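One file, target_34.cif, is given below (mmCIF, C-alpha atoms).
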```cif
data_run
loop_
_atom_site.label_atom_id
_atom_site.label_comp_id
_atom_site.auth_asym_id
_atom_site.auth_seq_id
_atom_site.Cartn_x
_atom_site.Cartn_y
_atom_site.Cartn_z
CA MET O 1 -1.65 -14.07 82.75
CA SER O 2 -0.38 -10.52 82.39
CA LEU O 3 3.23 -9.40 82.07
CA ASN O 4 4.87 -7.66 85.01
CA PRO O 5 8.22 -6.32 83.75
CA ARG O 6 9.06 -4.71 87.11
CA LEU O 7 9.03 -7.98 89.04
CA VAL O 8 11.07 -9.74 86.36
CA LYS O 9 13.70 -6.97 86.29
CA GLU O 10 13.99 -6.73 90.08
CA SER O 11 14.60 -10.46 90.46
CA PHE O 12 16.94 -10.65 87.47
CA ALA O 13 19.03 -7.83 88.94
CA ILE O 14 19.91 -10.22 91.76
CA VAL O 15 20.92 -12.96 89.31
CA GLU O 16 23.06 -10.74 87.03
CA PRO O 17 26.06 -10.38 89.42
CA VAL O 18 26.40 -14.19 89.53
CA ALA O 19 25.71 -14.75 85.84
CA ASP O 20 28.49 -17.34 85.38
CA LYS O 21 27.26 -19.52 88.24
CA ALA O 22 23.65 -19.13 87.15
CA ALA O 23 24.42 -20.08 83.54
CA ALA O 24 26.36 -23.16 84.66
CA TYR O 25 23.45 -24.17 86.89
CA PHE O 26 20.95 -23.60 84.09
CA TYR O 27 22.73 -25.87 81.62
CA GLY O 28 23.39 -28.50 84.31
CA ARG O 29 19.70 -28.53 85.16
CA LEU O 30 18.65 -28.55 81.48
CA PHE O 31 20.90 -31.49 80.54
CA ALA O 32 20.03 -33.45 83.70
CA GLU O 33 16.30 -33.19 83.00
CA SER O 34 16.57 -33.45 79.19
CA PRO O 35 19.82 -35.33 78.40
CA HIS O 36 18.82 -35.75 74.74
CA LEU O 37 19.34 -31.98 74.28
CA ARG O 38 23.08 -32.13 75.08
CA GLY O 39 23.90 -33.24 71.55
CA MET O 40 22.48 -29.98 70.15
CA PHE O 41 25.18 -27.96 71.90
CA PRO O 42 28.94 -27.65 71.27
CA PRO O 43 31.43 -29.68 73.35
CA ALA O 44 32.77 -26.52 75.04
CA MET O 45 30.05 -24.40 76.61
CA ASP O 46 31.87 -21.19 77.60
CA ILE O 47 30.74 -19.10 74.62
CA GLN O 48 27.27 -20.66 74.82
CA ARG O 49 26.90 -19.57 78.47
CA ASP O 50 27.91 -16.02 77.55
CA ARG O 51 25.40 -15.97 74.72
CA LEU O 52 22.62 -17.23 76.97
CA PHE O 53 23.00 -14.43 79.50
CA SER O 54 23.59 -11.80 76.83
CA ALA O 55 20.29 -12.71 75.18
CA LEU O 56 18.46 -13.08 78.48
CA THR O 57 19.72 -9.69 79.68
CA ARG O 58 18.52 -8.02 76.50
CA ILE O 59 15.11 -9.66 76.73
CA VAL O 60 14.58 -8.76 80.40
CA TRP O 61 15.56 -5.12 80.02
CA SER O 62 13.48 -4.79 76.82
CA LEU O 63 10.22 -6.00 78.34
CA ASP O 64 8.96 -2.39 78.38
CA SER O 65 9.78 -1.97 74.64
CA PRO O 66 7.52 -4.50 72.92
CA ASP O 67 8.35 -3.52 69.33
CA SER O 68 12.11 -3.82 69.83
CA LEU O 69 11.68 -7.01 71.85
CA SER O 70 9.42 -8.58 69.24
CA SER O 71 11.97 -7.94 66.50
CA PHE O 72 14.80 -9.42 68.57
CA LEU O 73 12.80 -12.51 69.58
CA GLY O 74 11.71 -13.03 65.99
CA GLN O 75 15.35 -13.11 64.91
CA LEU O 76 16.22 -15.51 67.74
CA GLY O 77 13.40 -17.85 66.80
CA ARG O 78 14.50 -17.96 63.16
CA ASP O 79 18.14 -18.40 64.16
CA HIS O 80 17.33 -21.31 66.49
CA ARG O 81 16.10 -23.33 63.51
CA LYS O 82 19.70 -24.07 62.51
CA TYR O 83 20.17 -26.00 65.78
CA GLY O 84 17.11 -28.16 65.12
CA VAL O 85 15.08 -26.46 67.85
CA ILE O 86 11.39 -27.36 67.87
CA ALA O 87 8.49 -26.08 69.96
CA GLU O 88 8.74 -28.76 72.67
CA HIS O 89 12.35 -27.77 73.44
CA TYR O 90 11.14 -24.40 74.71
CA THR O 91 9.27 -26.11 77.54
CA ALA O 92 12.45 -27.80 78.79
CA VAL O 93 14.42 -24.55 78.54
CA GLY O 94 11.66 -22.66 80.37
CA ASN O 95 11.60 -25.15 83.23
CA ALA O 96 15.39 -24.95 83.64
CA LEU O 97 15.33 -21.15 83.44
CA LEU O 98 12.62 -20.82 86.06
CA ALA O 99 14.47 -23.19 88.39
CA THR O 100 17.66 -21.17 87.92
CA VAL O 101 16.12 -17.78 88.67
CA ARG O 102 14.21 -19.22 91.62
CA ARG O 103 17.45 -20.58 93.09
CA PHE O 104 19.60 -17.47 92.62
CA ALA O 105 16.90 -14.95 93.57
CA ALA O 106 15.66 -17.05 96.50
CA GLU O 107 15.96 -14.18 98.98
CA ILE O 108 13.10 -12.26 97.38
CA TRP O 109 11.22 -15.06 95.61
CA THR O 110 7.43 -15.02 95.81
CA THR O 111 4.55 -16.61 93.95
CA GLU O 112 3.96 -13.25 92.23
CA ILE O 113 7.54 -13.16 90.91
CA GLU O 114 7.23 -16.74 89.68
CA ALA O 115 4.02 -15.87 87.88
CA ALA O 116 5.70 -12.86 86.29
CA TRP O 117 8.56 -15.03 84.97
CA VAL O 118 6.17 -17.67 83.66
CA ALA O 119 4.15 -15.02 81.83
CA ALA O 120 7.25 -13.34 80.38
CA TYR O 121 8.86 -16.58 79.24
CA THR O 122 5.61 -17.92 77.77
CA ALA O 123 5.14 -14.74 75.73
CA ALA O 124 8.76 -14.78 74.56
CA ALA O 125 8.72 -18.47 73.66
CA ASN O 126 5.48 -18.11 71.70
CA LEU O 127 6.97 -15.25 69.69
CA MET O 128 10.07 -17.31 68.87
CA ILE O 129 8.04 -20.41 67.98
CA ASP O 130 5.67 -18.45 65.74
CA SER O 131 8.58 -16.73 64.00
CA ALA O 132 10.35 -20.04 63.38
CA GLU O 133 7.20 -21.65 62.02
CA SER O 134 6.50 -18.71 59.70
CA ASP O 135 10.10 -18.74 58.48
CA ALA O 136 10.09 -22.49 57.84
CA GLY O 137 7.82 -22.03 54.86
CA VAL O 138 10.00 -19.49 53.07
CA SER O 139 13.64 -19.92 54.15
CA PRO O 140 16.02 -22.77 54.88
CA ALA O 141 17.21 -23.40 58.44
CA TRP O 142 20.77 -22.83 57.20
CA TRP O 143 22.61 -22.08 53.98
CA LEU O 144 25.56 -23.92 52.44
CA ALA O 145 28.12 -21.45 51.07
CA GLU O 146 31.20 -22.02 48.92
CA VAL O 147 34.42 -20.15 49.65
CA ILE O 148 35.27 -18.40 46.37
CA ASP O 149 38.05 -16.11 47.65
CA HIS O 150 40.34 -16.06 50.68
CA GLU O 151 42.71 -13.13 51.22
CA LEU O 152 45.13 -13.18 54.15
CA ARG O 153 45.41 -9.42 54.78
CA THR O 154 47.61 -9.79 57.91
CA PRO O 155 49.01 -12.89 59.63
CA ASP O 156 45.79 -13.13 61.67
CA ILE O 157 43.11 -11.37 59.58
CA ALA O 158 41.46 -12.84 56.48
CA VAL O 159 38.84 -11.41 54.15
CA ILE O 160 36.73 -14.30 52.92
CA THR O 161 34.20 -14.19 50.08
CA LEU O 162 31.35 -16.72 50.09
CA ARG O 163 28.70 -17.67 47.57
CA PRO O 164 25.62 -19.20 49.28
CA GLY O 165 23.90 -21.92 47.28
CA GLN O 166 20.53 -20.20 47.81
CA HIS O 167 19.58 -16.54 47.98
CA LEU O 168 20.55 -15.13 51.39
CA PRO O 169 18.42 -12.07 52.20
CA TYR O 170 19.96 -9.69 54.73
CA LEU O 171 20.24 -6.02 55.66
CA PRO O 172 23.51 -4.05 55.76
CA GLY O 173 24.94 -4.17 59.29
CA GLN O 174 23.69 -7.68 60.07
CA TYR O 175 25.79 -10.75 60.84
CA VAL O 176 25.58 -14.49 60.26
CA ASN O 177 26.57 -17.44 62.41
CA VAL O 178 29.10 -19.70 60.71
CA GLN O 179 29.88 -23.38 61.19
CA THR O 180 32.93 -25.09 59.67
CA PRO O 181 33.24 -28.82 58.86
CA ARG O 182 36.13 -29.02 61.34
CA TRP O 183 33.92 -28.03 64.31
CA PRO O 184 30.36 -29.46 64.01
CA ARG O 185 27.75 -27.76 66.22
CA VAL O 186 30.12 -24.87 66.98
CA TRP O 187 28.63 -21.66 65.54
CA ARG O 188 30.35 -18.28 65.67
CA ALA O 189 29.03 -14.89 64.56
CA PHE O 190 30.70 -12.86 61.79
CA SER O 191 29.47 -9.58 60.33
CA ILE O 192 28.74 -9.28 56.63
CA ALA O 193 31.11 -6.67 55.19
CA ASN O 194 29.20 -5.68 52.07
CA ALA O 195 25.79 -4.42 51.04
CA PRO O 196 23.59 -7.00 49.28
CA ARG O 197 24.86 -7.85 45.80
CA GLU O 198 23.16 -9.14 42.68
CA ASP O 199 25.51 -12.14 42.58
CA ASN O 200 24.47 -13.09 46.16
CA THR O 201 28.09 -13.16 47.42
CA ILE O 202 29.05 -11.97 50.87
CA ARG O 203 32.35 -11.03 52.49
CA LEU O 204 33.47 -11.70 56.05
CA HIS O 205 36.34 -10.03 57.93
CA VAL O 206 37.78 -12.61 60.34
CA ARG O 207 40.52 -12.23 62.94
CA ALA O 208 42.01 -15.43 64.38
CA VAL O 209 42.19 -15.15 68.15
CA PRO O 210 43.92 -17.49 70.61
CA GLY O 211 41.52 -20.29 71.47
CA GLY O 212 39.11 -19.24 68.72
CA TRP O 213 38.13 -22.56 67.16
CA VAL O 214 36.14 -21.21 64.25
CA SER O 215 38.08 -18.00 63.63
CA THR O 216 41.41 -19.84 63.54
CA THR O 217 39.96 -22.43 61.16
CA LEU O 218 38.61 -19.72 58.85
CA VAL O 219 41.86 -17.75 58.79
CA GLU O 220 44.47 -20.52 58.75
CA HIS O 221 42.83 -23.67 57.41
CA THR O 222 40.08 -22.59 55.01
CA ARG O 223 40.69 -22.68 51.25
CA ILE O 224 38.88 -21.68 48.06
CA GLY O 225 36.36 -24.39 47.23
CA ASP O 226 35.58 -25.26 50.87
CA THR O 227 31.97 -25.27 52.05
CA LEU O 228 30.69 -23.54 55.18
CA MET O 229 27.27 -23.47 56.84
CA LEU O 230 25.57 -20.12 57.50
CA GLY O 231 22.71 -19.39 59.86
CA PRO O 232 20.04 -16.79 59.07
CA PRO O 233 21.19 -13.13 59.17
CA VAL O 234 20.55 -11.40 62.49
CA GLY O 235 21.32 -8.06 64.10
CA THR O 236 19.61 -4.69 64.51
CA MET O 237 22.42 -2.25 63.66
CA THR O 238 20.90 -1.51 60.27
CA PRO O 239 20.82 1.79 58.36
CA THR O 240 18.11 4.38 58.70
CA GLU O 241 16.82 6.39 55.76
CA SER O 242 16.80 9.72 57.57
CA GLY O 243 18.96 11.47 54.97
CA ARG O 244 21.16 12.96 57.69
CA ASP O 245 24.95 13.02 57.67
CA ILE O 246 26.64 9.92 59.06
CA LEU O 247 29.44 9.10 61.50
CA CYS O 248 30.87 5.56 61.62
CA VAL O 249 33.41 4.58 64.30
CA ALA O 250 35.08 1.19 63.81
CA GLY O 251 37.54 -0.76 65.91
CA GLY O 252 39.31 -3.79 64.43
CA THR O 253 37.03 -6.09 62.43
CA GLY O 254 34.13 -3.99 63.69
CA LEU O 255 34.75 -2.24 60.38
CA ALA O 256 32.87 -5.00 58.53
CA PRO O 257 29.22 -4.05 59.21
CA LEU O 258 30.01 -0.33 58.97
CA LYS O 259 31.54 -0.85 55.54
CA ALA O 260 28.35 -2.63 54.48
CA ILE O 261 26.27 0.31 55.71
CA VAL O 262 28.48 2.83 53.87
CA GLU O 263 28.23 0.75 50.68
CA HIS O 264 24.46 0.70 51.02
CA VAL O 265 24.28 4.47 51.40
CA ILE O 266 26.51 5.02 48.37
CA GLU O 267 24.46 2.63 46.24
CA SER O 268 21.20 4.26 47.34
CA GLY O 269 22.07 7.41 45.42
CA ARG O 270 21.95 9.59 48.54
CA ARG O 271 24.76 12.07 49.11
CA PRO O 272 25.18 12.59 52.85
CA ASN O 273 28.55 13.48 54.29
CA ILE O 274 30.04 10.33 55.81
CA HIS O 275 32.95 10.22 58.26
CA LEU O 276 34.40 6.73 58.80
CA LEU O 277 36.94 6.49 61.63
CA CYS O 278 38.90 3.22 61.60
CA GLY O 279 40.75 2.47 64.83
CA ALA O 280 43.71 0.08 65.09
CA ARG O 281 46.69 -0.42 67.38
CA HIS O 282 49.25 -0.41 64.53
CA SER O 283 49.07 0.73 60.92
CA ARG O 284 49.67 -2.87 59.76
CA GLU O 285 46.27 -3.73 61.28
CA LEU O 286 44.48 -1.32 58.90
CA TYR O 287 43.82 -4.40 56.81
CA ASP O 288 41.13 -2.93 54.53
CA LEU O 289 42.54 0.56 54.01
CA PRO O 290 43.33 0.22 50.26
CA ASP O 291 39.72 -0.75 49.53
CA LEU O 292 38.38 2.03 51.75
CA ILE O 293 40.56 4.55 49.88
CA ARG O 294 39.09 3.30 46.59
CA MET O 295 35.58 3.82 48.02
CA GLU O 296 36.59 7.31 49.15
CA SER O 297 37.95 8.26 45.73
CA GLY O 298 34.70 7.27 44.05
CA PHE O 299 32.42 9.02 46.53
CA PRO O 300 33.58 12.56 47.40
CA TRP O 301 31.19 12.79 50.35
CA LEU O 302 33.05 10.00 52.18
CA ARG O 303 36.02 10.75 54.41
CA VAL O 304 38.02 7.79 55.73
CA VAL O 305 40.11 8.58 58.83
CA PRO O 306 42.54 5.89 60.08
CA VAL O 307 43.36 6.25 63.79
CA VAL O 308 46.36 4.37 65.26
CA SER O 309 46.86 4.08 69.03
CA ASP O 310 50.09 2.18 69.75
CA GLN O 311 52.55 3.27 67.05
CA PRO O 312 54.46 6.42 68.08
CA GLY O 313 55.98 6.99 64.64
CA TYR O 314 52.69 6.83 62.74
CA ASP O 315 52.24 9.84 60.43
CA GLY O 316 48.46 10.02 60.57
CA MET O 317 45.97 10.58 63.38
CA ARG O 318 47.05 8.93 66.62
CA GLY O 319 45.11 7.96 69.73
CA GLN O 320 42.09 5.88 70.66
CA ALA O 321 39.18 6.11 68.23
CA PRO O 322 36.67 7.46 70.82
CA GLU O 323 39.07 10.25 71.79
CA ALA O 324 40.03 11.04 68.20
CA MET O 325 36.35 11.32 67.31
CA GLU O 326 36.05 14.32 69.64
CA ARG O 327 38.71 16.28 67.74
CA PHE O 328 36.21 16.92 64.98
CA ARG O 329 33.15 19.13 65.08
CA SER O 330 30.03 18.17 66.97
CA TRP O 331 28.27 15.02 65.80
CA ALA O 332 24.83 16.26 66.81
CA ASP O 333 22.25 15.80 64.04
CA HIS O 334 24.22 12.82 62.66
CA ASP O 335 23.21 9.19 62.40
CA VAL O 336 25.98 7.35 64.26
CA TYR O 337 27.09 3.73 63.87
CA VAL O 338 29.67 2.21 66.23
CA CYS O 339 31.18 -1.28 66.13
CA GLY O 340 34.29 -2.79 67.72
CA PRO O 341 35.43 -4.27 71.03
CA ALA O 342 32.88 -3.85 73.83
CA ALA O 343 34.99 -1.36 75.80
CA MET O 344 35.53 0.80 72.73
CA VAL O 345 31.82 0.75 71.83
CA ASN O 346 30.83 1.72 75.37
CA GLU O 347 33.39 4.52 75.58
CA THR O 348 32.40 5.93 72.17
CA THR O 349 28.72 5.85 73.12
CA HIS O 350 29.44 7.57 76.45
CA ARG O 351 31.43 10.36 74.80
CA LEU O 352 28.79 10.90 72.13
CA GLN O 353 26.02 11.16 74.73
CA ARG O 354 28.12 13.53 76.82
CA SER O 355 28.52 15.78 73.78
CA GLY O 356 24.78 15.93 73.20
CA VAL O 357 24.09 13.12 70.73
CA PRO O 358 20.82 11.39 71.77
CA LEU O 359 21.16 7.67 72.47
CA GLY O 360 18.43 7.04 69.91
CA ASP O 361 20.71 8.39 67.17
CA ILE O 362 23.48 5.91 68.02
CA ARG O 363 23.33 2.40 66.58
CA ARG O 364 25.97 0.10 67.98
CA ASP O 365 27.12 -3.49 68.10
CA VAL O 366 30.07 -5.43 69.48
CA ALA O 367 32.42 -6.63 66.74
CA HIS O 368 31.59 -10.05 65.30
CA GLY O 369 34.52 -11.73 63.57
CA GLU O 370 36.97 -12.29 66.42
CA LEU O 371 35.68 -15.48 68.07
#
```

Could you express the structure from this file as structure tokens?
Amino acid sequence: MSLNPRLVKESFAIVEPVADKAAAYFYGRLFAESPHLRGMFPPAMDIQRDRLFSALTRIVWSLDSPDSLSSFLGQLGRDHRKYGVIAEHYTAVGNALLATVRRFAAEIWTTEIEAAWVAAYTAAANLMIDSAESDAGVSPAWWLAEVIDHELRTPDIAVITLRPGQHLPYLPGQYVNVQTPRWPRVWRAFSIANAPREDNTIRLHVRAVPGGWVSTTLVEHTRIGDTLMLGPPVGTMTPTESGRDILCVAGGTGLAPLKAIVEHVIESGRRPNIHLLCGARHSRELYDLPDLIRMESGFPWLRVVPVVSDQPGYDGMRGQAPEAMERFRSWADHDVYVCGPAAMVNETTHRLQRSGVPLGDIRRDVAHGEL
């Protein structure tokens, strides 16, 4: 059975506008046909539904890019181990997914489209299963990590240092899913804010948001000595070794993975010019500025530029980070990394492309650490 990306994309384009309804139908169908799977999911499903369609969207639109898709599916397969997912679960998910797409794309549905979805899902599931099975022999499904430091930088932002009980291999720019004892089965993603260290410790930048079960627990109720669970590191916004100059544009706790990338470059011995723009609404939200200034003083090729948008009396650069970025010289021939709220990431990417920076030179991610 051969893949037909065109048919999959055309039918999915009909489902995308009703993603919320389709996701609700999918999980209703899945739990009705396989009720034993409900216990693997959190009590509240809103974030889970968003994650489902985010992953599905990426898979569908990457069907023509097998290398990128293979890497993403491999990470998903390894990450699913922490939920206790086994090969037979993929059959139940596939049946529910096919029923969902068939229902919401009924106006164009044909046997050819169904065959295309079956082929695409089978290939994707096999990649995830193979990746999970290969990983099972060398890595745990999750890591236990002790909280060894907890700094409340603002009333709602904490910098938390963890020491995993086993070696946690990761790349700068990646993130981990975290589970707290207070909320079993509820996993939330947080970016790692440092390059790999010999002592195996990692730092997370966490903002407590209204209704954020895990983020609020981490900021307000977590103490030194507590134990958290970590999933395997995931994410593709990792550094290149091109040797070119670098631009990093951060919004809020989107600073975390960019700081890890900058640390990695500094430790590599390379000496590119690095501009790091840190956007915040108020100067009090520049929670990591003292540490960034210390990094800047020890590495003359790094320039840290705080940008504040909603504080008229601020002495430094004012405005939105994407707009402030354009006040500098052209960023063509730079490696660019962008992380922050989705709207900020999209606007920054749009402005960079408009100024002549190829999309392939821009690595971006939505901020993890505010859920």

Kindly assemble as a tab-separated table a list of the segment 229-298 of chain O residues that lie within 8 Å of segment 132-147 of chain O, each paired with its nearest atom pair and their distance in Å to one decimal, using only C-alpha atoms, sorted first by chain and then by ascending residue number.
```
residue	atom	partner	partner_atom	distance
O:Met229	CA	O:Leu144	CA	4.7
O:Leu230	CA	O:Trp143	CA	5.0
O:Gly231	CA	O:Trp142	CA	4.8
O:Pro232	CA	O:Trp142	CA	6.4
```

Report task. Quick one: everything within 8 Å of Val60 of chain O, counting all atoms listed in the file, minus sequence neighbours fewer than 5 positions away in the same chain. Send it as a PyMOL selection string. Result -> chain O and resi 5+8-9+12

With C-alpha atoms retained, could you export that selection as a PDB file, keeping the file's coordinate frame?
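And here is the file that came out, again29.pdb:
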```pdb
ATOM      1  CA  PRO O   5       8.220  -6.320  83.750  1.00  0.00           C
ATOM      2  CA  VAL O   8      11.070  -9.740  86.360  1.00  0.00           C
ATOM      3  CA  LYS O   9      13.700  -6.970  86.290  1.00  0.00           C
ATOM      4  CA  PHE O  12      16.940 -10.650  87.470  1.00  0.00           C
TER       5      PHE O  12
END
```

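Across the model, the gap from atom CA of Arg207 of chain O to atom CA of Glu151 of chain O is 12.0 Å.
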
With the cut-off set at 12 Å and counting only C-alpha atoms, tabulate each residue of segment 169-207 of chain O with an atom at most that distance from an atom of segment 329-345 of chain O, showing the nearest atom pair and its distance in Å to one decimal, ordered by chain and increasing number, as a Markdown table.
```
| residue | atom | partner | partner_atom | distance |
| --- | --- | --- | --- | --- |
| O:Pro172 | CA | O:Tyr337 | CA | 11.8 |
| O:Gly173 | CA | O:Tyr337 | CA | 9.4 |
| O:Gln174 | CA | O:Cys339 | CA | 11.6 |
| O:Ser191 | CA | O:Cys339 | CA | 10.3 |
```

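Between atom CA of Leu56 of chain O and atom CA of Gly94 of chain O the separation is 11.9 Å.
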
Report task. Report as a ChimeraX atom specification the full result of the PyMOL selection byres ((chain O and resi 311-324) around 10) when it is applied to this structure. Result -> /O:249-251,277-284,305-310,325-328,338,344-352

Requested in this report: Write out as number ranges by chain each polymer residue whose atoms come within 9 Å of Phe72 of chain O, counting all atoms listed in the file; drop sequence neighbours fewer than 2 positions from it.
Outcome: O: 58-59, 67-70, 74-77, 234-236

**Report entry** Reference answer for the PyMOL selection byres ((chain O and resi 240) around 10), as a PyMOL selection string
**Finding:** chain O and resi 237-239+241-244+261+265+335+361+363

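Non-sequential neighbours of Gly225 of chain O (distance at most 10 Å, separation of 2 or more positions within a chain, only C-alpha atoms) are Ala145, Glu146, Val147, Ile148, Asp149, His150, Leu162, Thr222, Arg223, Thr227 and Leu228 of chain O.
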
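Note that atom CA of His368 of chain O and atom CA of Leu276 of chain O are 18.2 Å apart.
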